[in-house]
file data.cif (mmCIF, C-alpha atoms)
data_upload
loop_
_atom_site.group_PDB
_atom_site.id
_atom_site.type_symbol
_atom_site.label_atom_id
_atom_site.label_comp_id
_atom_site.auth_asym_id
_atom_site.auth_seq_id
_atom_site.Cartn_x
_atom_site.Cartn_y
_atom_site.Cartn_z
ATOM 1 C CA MET A 1 0.000 0.000 0.000
ATOM 2 C CA ALA A 2 2.993 2.232 0.360
ATOM 3 C CA TYR A 3 3.571 2.144 -3.372
ATOM 4 C CA ILE A 4 -0.006 2.900 -4.389
ATOM 5 C CA LEU A 5 0.924 6.289 -5.802
ATOM 6 C CA PHE A 6 3.740 4.864 -7.882
ATOM 7 C CA THR A 7 1.483 2.065 -9.152
ATOM 8 C CA LEU A 8 -1.175 4.561 -10.149
ATOM 9 C CA SER A 9 1.378 6.682 -11.988
ATOM 10 C CA VAL A 10 2.579 3.586 -13.858
ATOM 11 C CA LEU A 11 -1.045 2.886 -14.838
ATOM 12 C CA LEU A 12 -1.316 6.504 -15.973
ATOM 13 C CA VAL A 13 1.684 6.091 -18.268
ATOM 14 C CA MET A 14 0.223 2.880 -19.664
ATOM 15 C CA GLY A 15 -3.060 4.620 -20.376
ATOM 16 C CA PHE A 16 -1.211 7.440 -22.113
ATOM 17 C CA VAL A 17 0.673 4.911 -24.242
ATOM 18 C CA GLY A 18 -2.722 3.437 -25.111
ATOM 19 C CA PHE A 19 -3.942 6.540 -26.872
ATOM 20 C CA SER A 20 -0.568 7.817 -28.061
ATOM 21 C CA SER A 21 -0.096 4.703 -30.161
ATOM 22 C CA LYS A 22 -2.883 6.203 -32.283
ATOM 23 C CA PRO A 23 -5.648 3.655 -32.673
ATOM 24 C CA SER A 24 -8.933 4.852 -34.075
ATOM 25 C CA PRO A 25 -10.005 7.953 -32.113
ATOM 26 C CA ILE A 26 -12.943 6.305 -30.434
ATOM 27 C CA TYR A 27 -10.567 3.861 -28.729
ATOM 28 C CA GLY A 28 -8.181 6.706 -28.045
ATOM 29 C CA GLY A 29 -10.992 8.551 -26.298
ATOM 30 C CA LEU A 30 -11.679 5.483 -24.197
ATOM 31 C CA ALA A 31 -8.012 5.280 -23.161
ATOM 32 C CA LEU A 32 -8.028 9.009 -22.360
ATOM 33 C CA ILE A 33 -11.074 8.591 -20.124
ATOM 34 C CA ILE A 34 -9.408 5.712 -18.265
ATOM 35 C CA SER A 35 -6.222 7.754 -17.920
ATOM 36 C CA GLY A 36 -8.293 10.635 -16.611
ATOM 37 C CA VAL A 37 -9.864 8.450 -13.955
ATOM 38 C CA VAL A 38 -6.453 7.145 -12.875
ATOM 39 C CA GLY A 39 -5.046 10.671 -12.803
ATOM 40 C CA CYS A 40 -7.972 11.856 -10.714
ATOM 41 C CA VAL A 41 -7.310 9.076 -8.194
ATOM 42 C CA ILE A 42 -3.645 10.165 -8.091
ATOM 43 C CA VAL A 43 -4.740 13.699 -7.288
ATOM 44 C CA LEU A 44 -7.130 12.398 -4.632
ATOM 45 C CA ASN A 45 -4.381 10.346 -3.023
ATOM 46 C CA CYS A 46 -2.349 13.487 -2.447
ATOM 47 C CA GLY A 47 -5.178 15.244 -0.693
ATOM 48 C CA GLY A 48 -6.445 17.347 -3.563
ATOM 49 C CA VAL A 49 -10.137 16.620 -3.228
ATOM 50 C CA TYR A 50 -11.405 19.798 -4.854
ATOM 51 C CA MET A 51 -9.003 19.577 -7.776
ATOM 52 C CA GLY A 52 -9.908 15.940 -8.379
ATOM 53 C CA LEU A 53 -13.584 16.771 -8.390
ATOM 54 C CA MET A 54 -13.002 19.642 -10.771
ATOM 55 C CA MET A 55 -11.049 17.429 -13.096
ATOM 56 C CA PHE A 56 -13.852 14.874 -13.100
ATOM 57 C CA LEU A 57 -16.550 17.436 -13.751
ATOM 58 C CA VAL A 58 -14.873 19.785 -16.190
ATOM 59 C CA TYR A 59 -12.461 17.502 -17.942
ATOM 60 C CA LEU A 60 -14.077 14.095 -18.094
ATOM 61 C CA GLY A 61 -17.655 15.223 -17.882
ATOM 62 C CA GLY A 62 -17.345 18.198 -20.213
ATOM 63 C CA MET A 63 -14.519 17.918 -22.646
ATOM 64 C CA MET A 64 -14.498 14.179 -23.104
ATOM 65 C CA VAL A 65 -18.217 14.107 -23.824
ATOM 66 C CA VAL A 66 -17.690 16.735 -26.507
ATOM 67 C CA PHE A 67 -14.806 14.681 -27.886
ATOM 68 C CA GLY A 68 -16.977 11.595 -27.867
ATOM 69 C CA TYR A 69 -19.724 12.907 -30.055
ATOM 70 C CA THR A 70 -17.373 14.855 -32.292
ATOM 71 C CA THR A 71 -15.440 11.650 -32.901
ATOM 72 C CA ALA A 72 -18.701 9.870 -33.612
ATOM 73 C CA MET A 73 -19.304 12.381 -36.380
ATOM 74 C CA ALA A 74 -15.932 11.846 -38.029
ATOM 75 C CA ILE A 75 -15.405 8.099 -37.809
ATOM 76 C CA GLU A 76 -15.073 5.430 -40.470
ATOM 77 C CA GLU A 77 -16.920 2.180 -40.736
ATOM 78 C CA TYR A 78 -14.267 -0.199 -39.420
ATOM 79 C CA PRO A 79 -12.256 1.572 -36.725
ATOM 80 C CA GLU A 80 -8.881 0.055 -36.075
ATOM 81 C CA THR A 81 -8.215 -1.053 -32.539
ATOM 82 C CA TRP A 82 -4.970 -1.897 -30.812
ATOM 83 C CA GLY A 83 -4.827 -5.438 -32.149
ATOM 84 C CA SER A 84 -5.553 -4.734 -35.790
ATOM 85 C CA GLY A 85 -2.437 -3.727 -37.649
ATOM 86 C CA LEU A 86 1.171 -3.757 -36.703
ATOM 87 C CA GLU A 87 1.792 -0.046 -36.219
ATOM 88 C CA VAL A 88 -0.577 0.488 -33.314
ATOM 89 C CA LEU A 89 0.315 -2.803 -31.663
ATOM 90 C CA GLY A 90 4.023 -2.133 -32.087
ATOM 91 C CA GLY A 91 3.741 1.321 -30.576
ATOM 92 C CA LEU A 92 1.714 0.020 -27.664
ATOM 93 C CA LEU A 93 4.148 -2.818 -26.960
ATOM 94 C CA VAL A 94 7.198 -0.548 -27.178
ATOM 95 C CA GLY A 95 5.619 1.897 -24.748
ATOM 96 C CA LEU A 96 4.584 -0.796 -22.288
ATOM 97 C CA MET A 97 8.006 -2.434 -22.488
ATOM 98 C CA MET A 98 9.658 0.900 -21.761
ATOM 99 C CA GLU A 99 7.471 1.447 -18.724
ATOM 100 C CA VAL A 100 8.054 -2.088 -17.390
ATOM 101 C CA MET A 101 11.811 -1.663 -17.740
ATOM 102 C CA LEU A 102 11.592 1.689 -15.940
ATOM 103 C CA VAL A 103 9.658 0.096 -13.064
ATOM 104 C CA LEU A 104 12.148 -2.759 -12.789
ATOM 105 C CA TRP A 105 15.077 -0.358 -12.781
ATOM 106 C CA VAL A 106 13.474 1.823 -10.129
ATOM 107 C CA LEU A 107 12.654 -1.143 -7.911
ATOM 108 C CA SER A 108 16.210 -2.399 -8.130
ATOM 109 C CA LEU A 109 17.613 0.745 -6.540
ATOM 110 C CA ASP A 110 18.549 0.465 -2.890
ATOM 111 C CA GLU A 111 17.084 3.661 -1.628
ATOM 112 C CA ALA A 112 13.855 4.999 -3.003
ATOM 113 C CA VAL A 113 14.178 8.724 -3.474
ATOM 114 C CA VAL A 114 16.212 11.355 -1.773
ATOM 115 C CA VAL A 115 14.765 14.742 -2.524
ATOM 116 C CA VAL A 116 15.068 17.456 0.074
ATOM 117 C CA VAL A 117 13.850 15.256 2.917
ATOM 118 C CA GLY A 118 14.785 11.599 2.633
ATOM 119 C CA PHE A 119 11.713 9.400 2.398
ATOM 120 C CA SER A 120 13.505 6.104 2.449
ATOM 121 C CA ASP A 121 10.927 3.378 2.454
ATOM 122 C CA THR A 122 7.631 5.067 3.048
ATOM 123 C CA GLY A 123 6.801 5.683 -0.560
ATOM 124 C CA ASP A 124 6.069 9.122 -1.745
ATOM 125 C CA TRP A 125 2.662 9.696 -0.313
ATOM 126 C CA VAL A 126 3.883 10.965 3.050
ATOM 127 C CA ILE A 127 2.731 14.531 3.487
ATOM 128 C CA PHE A 128 3.730 15.927 6.833
ATOM 129 C CA GLU A 129 0.787 17.220 8.797
ATOM 130 C CA GLY A 130 1.088 20.472 10.676
ATOM 131 C CA GLU A 131 -0.886 21.132 13.773
ATOM 132 C CA GLY A 132 -4.110 22.964 13.338
ATOM 133 C CA SER A 133 -7.800 22.447 12.976
ATOM 134 C CA GLY A 134 -7.522 19.990 10.124
ATOM 135 C CA LEU A 135 -10.846 21.069 8.728
ATOM 136 C CA ILE A 136 -9.425 23.577 6.245
ATOM 137 C CA ARG A 137 -8.657 21.813 2.962
ATOM 138 C CA GLY A 138 -5.662 23.329 1.259
ATOM 139 C CA ASP A 139 -6.763 23.066 -2.320
ATOM 140 C CA SER A 140 -10.215 24.529 -1.743
ATOM 141 C CA ILE A 141 -8.587 27.516 -0.084
ATOM 142 C CA GLY A 142 -6.164 27.832 -2.961
ATOM 143 C CA ALA A 143 -8.915 27.633 -5.544
ATOM 144 C CA GLY A 144 -10.914 30.151 -3.572
ATOM 145 C CA ALA A 145 -7.968 32.521 -3.706
ATOM 146 C CA LEU A 146 -8.538 32.662 -7.458
ATOM 147 C CA TYR A 147 -11.481 34.940 -6.843
ATOM 148 C CA ASP A 148 -9.571 37.075 -4.372
ATOM 149 C CA TYR A 149 -6.020 37.660 -5.599
ATOM 150 C CA GLY A 150 -6.781 36.662 -9.145
ATOM 151 C CA ARG A 151 -9.997 38.516 -9.801
ATOM 152 C CA TRP A 152 -8.625 40.130 -12.942
ATOM 153 C CA LEU A 153 -7.571 36.680 -14.134
ATOM 154 C CA VAL A 154 -11.141 35.484 -13.615
ATOM 155 C CA VAL A 155 -12.426 38.376 -15.725
ATOM 156 C CA VAL A 156 -9.913 37.643 -18.489
ATOM 157 C CA ALA A 157 -10.641 33.905 -18.464
ATOM 158 C CA GLY A 158 -14.374 34.471 -18.521
ATOM 159 C CA TRP A 159 -14.052 36.888 -21.407
ATOM 160 C CA THR A 160 -11.827 34.396 -23.232
ATOM 161 C CA LEU A 161 -14.439 31.669 -22.893
ATOM 162 C CA PHE A 162 -17.128 34.047 -24.100
ATOM 163 C CA VAL A 163 -15.141 35.105 -27.157
ATOM 164 C CA GLY A 164 -14.202 31.450 -27.733
ATOM 165 C CA VAL A 165 -17.840 30.611 -28.260
ATOM 166 C CA TYR A 166 -18.048 33.268 -30.971
ATOM 167 C CA VAL A 167 -14.832 31.971 -32.556
ATOM 168 C CA VAL A 168 -16.258 28.455 -32.675
ATOM 169 C CA ILE A 169 -19.489 29.651 -34.250
ATOM 170 C CA GLU A 170 -17.606 31.605 -36.893
ATOM 171 C CA ILE A 171 -15.355 28.666 -37.737
ATOM 172 C CA VAL A 172 -18.183 26.181 -38.012
ATOM 173 C CA ARG A 173 -20.283 28.508 -40.107
ATOM 174 C CA GLY A 174 -17.861 28.030 -43.000
ATOM 175 C CA ASN A 175 -18.427 30.401 -45.849
ATOM 176 C CA MET B 1 13.131 13.492 -8.660
ATOM 177 C CA THR B 2 10.208 11.640 -7.141
ATOM 178 C CA LEU B 3 9.101 8.572 -9.065
ATOM 179 C CA THR B 4 5.555 9.807 -9.491
ATOM 180 C CA TYR B 5 6.745 13.106 -10.964
ATOM 181 C CA MET B 6 9.007 11.188 -13.303
ATOM 182 C CA ASN B 7 6.110 9.041 -14.488
ATOM 183 C CA ILE B 8 3.887 12.055 -15.049
ATOM 184 C CA MET B 9 6.583 13.838 -17.040
ATOM 185 C CA LEU B 10 7.040 10.622 -19.013
ATOM 186 C CA ALA B 11 3.314 10.607 -19.728
ATOM 187 C CA PHE B 12 3.590 14.196 -20.986
ATOM 188 C CA THR B 13 6.460 13.261 -23.294
ATOM 189 C CA ILE B 14 4.602 10.239 -24.634
ATOM 190 C CA SER B 15 1.569 12.404 -25.419
ATOM 191 C CA LEU B 16 3.815 14.976 -27.067
ATOM 192 C CA LEU B 17 5.315 12.313 -29.308
ATOM 193 C CA GLY B 18 1.848 11.034 -30.081
ATOM 194 C CA MET B 19 0.682 14.490 -31.057
ATOM 195 C CA LEU B 20 3.598 15.140 -33.370
ATOM 196 C CA THR B 21 3.150 11.951 -35.393
ATOM 197 C CA TYR B 22 0.287 11.759 -37.823
ATOM 198 C CA ARG B 23 -1.327 8.555 -38.863
ATOM 199 C CA SER B 24 -4.662 8.900 -40.555
ATOM 200 C CA HIS B 25 -6.966 10.872 -38.279
ATOM 201 C CA LEU B 26 -6.600 14.445 -37.136
ATOM 202 C CA VAL B 27 -8.703 14.008 -33.991
ATOM 203 C CA ALA B 28 -6.162 11.523 -32.612
ATOM 204 C CA SER B 29 -3.631 14.368 -32.405
ATOM 205 C CA LEU B 30 -6.207 16.488 -30.608
ATOM 206 C CA LEU B 31 -6.656 13.655 -28.119
ATOM 207 C CA CYS B 32 -2.911 13.617 -27.489
ATOM 208 C CA LEU B 33 -3.070 17.386 -26.919
ATOM 209 C CA GLU B 34 -5.744 16.741 -24.308
ATOM 210 C CA GLY B 35 -3.469 14.183 -22.700
ATOM 211 C CA MET B 36 -0.709 16.761 -22.475
ATOM 212 C CA MET B 37 -3.022 19.230 -20.756
ATOM 213 C CA MET B 38 -4.186 16.574 -18.337
ATOM 214 C CA SER B 39 -0.675 15.534 -17.368
ATOM 215 C CA LEU B 40 0.234 19.178 -16.755
ATOM 216 C CA PHE B 41 -2.846 19.560 -14.568
ATOM 217 C CA ILE B 42 -1.972 16.503 -12.505
ATOM 218 C CA MET B 43 1.643 17.602 -12.133
ATOM 219 C CA ALA B 44 0.728 21.101 -10.956
ATOM 220 C CA THR B 45 -1.852 19.772 -8.490
ATOM 221 C CA LEU B 46 0.612 17.300 -7.020
ATOM 222 C CA ILE B 47 3.212 20.017 -6.601
ATOM 223 C CA ALA B 48 0.649 22.249 -4.922
ATOM 224 C CA SER B 49 -0.320 19.482 -2.507
ATOM 225 C CA ASN B 50 3.165 18.217 -1.727
ATOM 226 C CA MET B 51 4.803 21.595 -1.246
ATOM 227 C CA HIS B 52 1.941 22.786 0.974
ATOM 228 C CA PHE B 53 1.540 25.847 -1.182
ATOM 229 C CA PRO B 54 -2.186 26.118 -1.891
ATOM 230 C CA LEU B 55 -1.918 29.265 -4.002
ATOM 231 C CA ILE B 56 -0.402 27.256 -6.859
ATOM 232 C CA ASN B 57 -3.838 25.622 -7.217
ATOM 233 C CA ILE B 58 -4.893 28.666 -9.228
ATOM 234 C CA MET B 59 -2.620 27.582 -12.093
ATOM 235 C CA PRO B 60 -4.203 24.192 -12.905
ATOM 236 C CA ILE B 61 -7.673 25.708 -12.825
ATOM 237 C CA ILE B 62 -6.730 28.430 -15.289
ATOM 238 C CA LEU B 63 -4.873 25.844 -17.380
ATOM 239 C CA LEU B 64 -8.072 23.816 -17.539
ATOM 240 C CA VAL B 65 -10.059 26.877 -18.627
ATOM 241 C CA PHE B 66 -7.728 27.672 -21.494
ATOM 242 C CA ALA B 67 -7.409 23.994 -22.445
ATOM 243 C CA ALA B 68 -11.182 23.915 -22.772
ATOM 244 C CA CYS B 69 -11.058 26.929 -25.108
ATOM 245 C CA GLU B 70 -8.340 25.253 -27.131
ATOM 246 C CA THR B 71 -10.320 22.029 -27.360
ATOM 247 C CA ALA B 72 -13.363 23.899 -28.553
ATOM 248 C CA VAL B 73 -11.448 25.696 -31.305
ATOM 249 C CA GLY B 74 -9.662 22.485 -32.339
ATOM 250 C CA LEU B 75 -12.904 20.587 -32.571
ATOM 251 C CA ALA B 76 -14.516 23.422 -34.530
ATOM 252 C CA LEU B 77 -11.676 23.212 -37.057
ATOM 253 C CA LEU B 78 -12.155 19.458 -37.170
ATOM 254 C CA ILE B 79 -15.854 19.877 -37.867
ATOM 255 C CA SER B 80 -15.204 22.339 -40.686
ATOM 256 C CA ILE B 81 -12.661 19.915 -42.197
ATOM 257 C CA SER B 82 -15.148 17.104 -41.828
ATOM 258 C CA ASN B 83 -17.836 19.191 -43.512
ATOM 259 C CA THR B 84 -15.566 19.907 -46.473
ATOM 260 C CA TYR B 85 -13.955 16.514 -46.996
ATOM 261 C CA GLY B 86 -16.315 14.038 -45.375
ATOM 262 C CA LEU B 87 -13.763 12.616 -42.940
ATOM 263 C CA ASP B 88 -10.862 14.089 -41.017
ATOM 264 C CA TYR B 89 -8.129 12.233 -42.808
ATOM 265 C CA VAL B 90 -4.813 14.045 -42.736
ATOM 266 C CA HIS B 91 -3.992 13.334 -46.367
ATOM 267 C CA ASN B 92 -7.003 15.397 -47.362
ATOM 268 C CA LEU B 93 -5.237 18.535 -46.150
ATOM 269 C CA ASN B 94 -3.259 19.116 -49.334
ATOM 270 C CA LEU B 95 -3.807 22.804 -50.068
ATOM 271 C CA LEU B 96 -0.172 23.611 -49.305
ATOM 272 C CA GLN B 97 1.388 21.273 -51.846
ATOM 273 C CA CYS B 98 5.136 21.393 -51.644
#

call {"tool": "encode", "arguments": {"input": "data.cif", "output": "structure tokens"}}
result
Amino acid sequence: MAYILFTLSVLLVMGFVGFSSKPSPIYGGLALIISGVVGCVIVLNCGGVYMGLMMFLVYLGGMMVVFGYTTAMAIEEYPETWGSGLEVLGGLLVGLMMEVMLVLWVLSLDEAVVVVVGFSDTGDWVIFEGEGSGLIRGDSIGAGALYDYGRWLVVVAGWTLFVGVYVVIEIVRGN
Amino acid sequence: MTLTYMNIMLAFTISLLGMLTYRSHLVASLLCLEGMMMSLFIMATLIASNMHFPLINIMPIILLVFAACETAVGLALLISISNTYGLDYVHNLNLLQC
């Protein structure tokens, strides 16, 4: 259980190899959704509850749905999956082999990581807890500071989204 | 370098390589672009949690906002290509013949 974060990051890399080996985009979207779920669990394991929820809602629930039905519009009759054809399978196997060799090399080291503080054999999920109430979540406070210190950034981002809708309409209109 | 950070940076590099290589579809490269944005989001959130510096959390949120804009524009271009040529095959984009 001490290596759960490392295992999840290895699964993340494998999911990324799954859609970077370029199968048909509907299978690539499936691999991206799975990678997104694994990445969200990584974020949750480090205590970022609000950021994980936002990634689920905005990223997977918003952008991937849009990708899904856009891909359904531009798909051919026989989409190629990971097993059909040598290019996709070769890319997938090379990526997986690279990740397996990386894991084996890392596990063969004597000490785990020595960054600033040496976390020898406790994995890399140890976050030191300060004293305090414990009810204030760090990432919610940080995201809330967006509307305090970064209020001009909120205005700019909102205006960018608004203009982006007009850009999309103008592009899709064609002539 | 922590192992998790190394894996996330590796995921970013793999998505970058996937975006730069074209096979037949254009939307596959857009998917790899989405993967790059997601790996950057995860990396920034992990740094914000592990360094106990909550103010960095602003950066992944704004990154997600602008990645959504970028996705929308990319998909709009894909739709206009698909309206002109029927499918989004890359070999249809041959206006700049060199």

call {"tool": "interface_residues", "arguments": {"input": "data.cif", "of": "chain A", "to": "chain B", "cutoff": "7 Å", "atoms": "only C-alpha atoms", "output": "short mmCIF file (atom, residue, chain, number, x, y, z; two decimals) with C-alpha atoms, keeping the file's coordinate frame"}}
result
data_model
loop_
_atom_site.label_atom_id
_atom_site.label_comp_id
_atom_site.auth_asym_id
_atom_site.auth_seq_id
_atom_site.Cartn_x
_atom_site.Cartn_y
_atom_site.Cartn_z
CA LEU A 5 0.92 6.29 -5.80
CA PHE A 6 3.74 4.86 -7.88
CA SER A 9 1.38 6.68 -11.99
CA VAL A 10 2.58 3.59 -13.86
CA VAL A 13 1.68 6.09 -18.27
CA PHE A 16 -1.21 7.44 -22.11
CA VAL A 17 0.67 4.91 -24.24
CA SER A 20 -0.57 7.82 -28.06
CA SER A 21 -0.10 4.70 -30.16
CA LYS A 22 -2.88 6.20 -32.28
CA PRO A 25 -10.01 7.95 -32.11
CA GLY A 28 -8.18 6.71 -28.04
CA GLY A 29 -10.99 8.55 -26.30
CA LEU A 32 -8.03 9.01 -22.36
CA GLY A 39 -5.05 10.67 -12.80
CA VAL A 43 -4.74 13.70 -7.29
CA CYS A 46 -2.35 13.49 -2.45
CA GLY A 47 -5.18 15.24 -0.69
CA GLY A 48 -6.44 17.35 -3.56
CA MET A 63 -14.52 17.92 -22.65
CA ALA A 74 -15.93 11.85 -38.03
CA VAL A 113 14.18 8.72 -3.47
CA VAL A 115 14.76 14.74 -2.52
CA ILE A 127 2.73 14.53 3.49
CA GLY A 138 -5.66 23.33 1.26
CA ASP A 139 -6.76 23.07 -2.32
CA ILE A 141 -8.59 27.52 -0.08
CA GLY A 142 -6.16 27.83 -2.96
CA ALA A 143 -8.91 27.63 -5.54
CA ALA A 145 -7.97 32.52 -3.71
CA LEU A 146 -8.54 32.66 -7.46
CA LEU A 161 -14.44 31.67 -22.89
CA GLY A 164 -14.20 31.45 -27.73
CA VAL A 168 -16.26 28.46 -32.67
CA ILE A 171 -15.36 28.67 -37.74
CA VAL A 172 -18.18 26.18 -38.01
CA GLY A 174 -17.86 28.03 -43.00
#

call {"tool": "atom_distance", "arguments": {"input": "data.cif", "atom1": "CA of Met14 in chain A", "atom2": "CA of Gly83 in chain A"}}
result
15.8 Å

call {"tool": "atom_distance", "arguments": {"input": "data.cif", "atom1": "CA of Thr70 in chain A", "atom2": "CA of Gly36 in chain A"}}
result
18.6 Å

call {"tool": "atom_distance", "arguments": {"input": "data.cif", "atom1": "CA of Val66 in chain A", "atom2": "CA of Leu30 in chain A"}}
result
13.0 Å
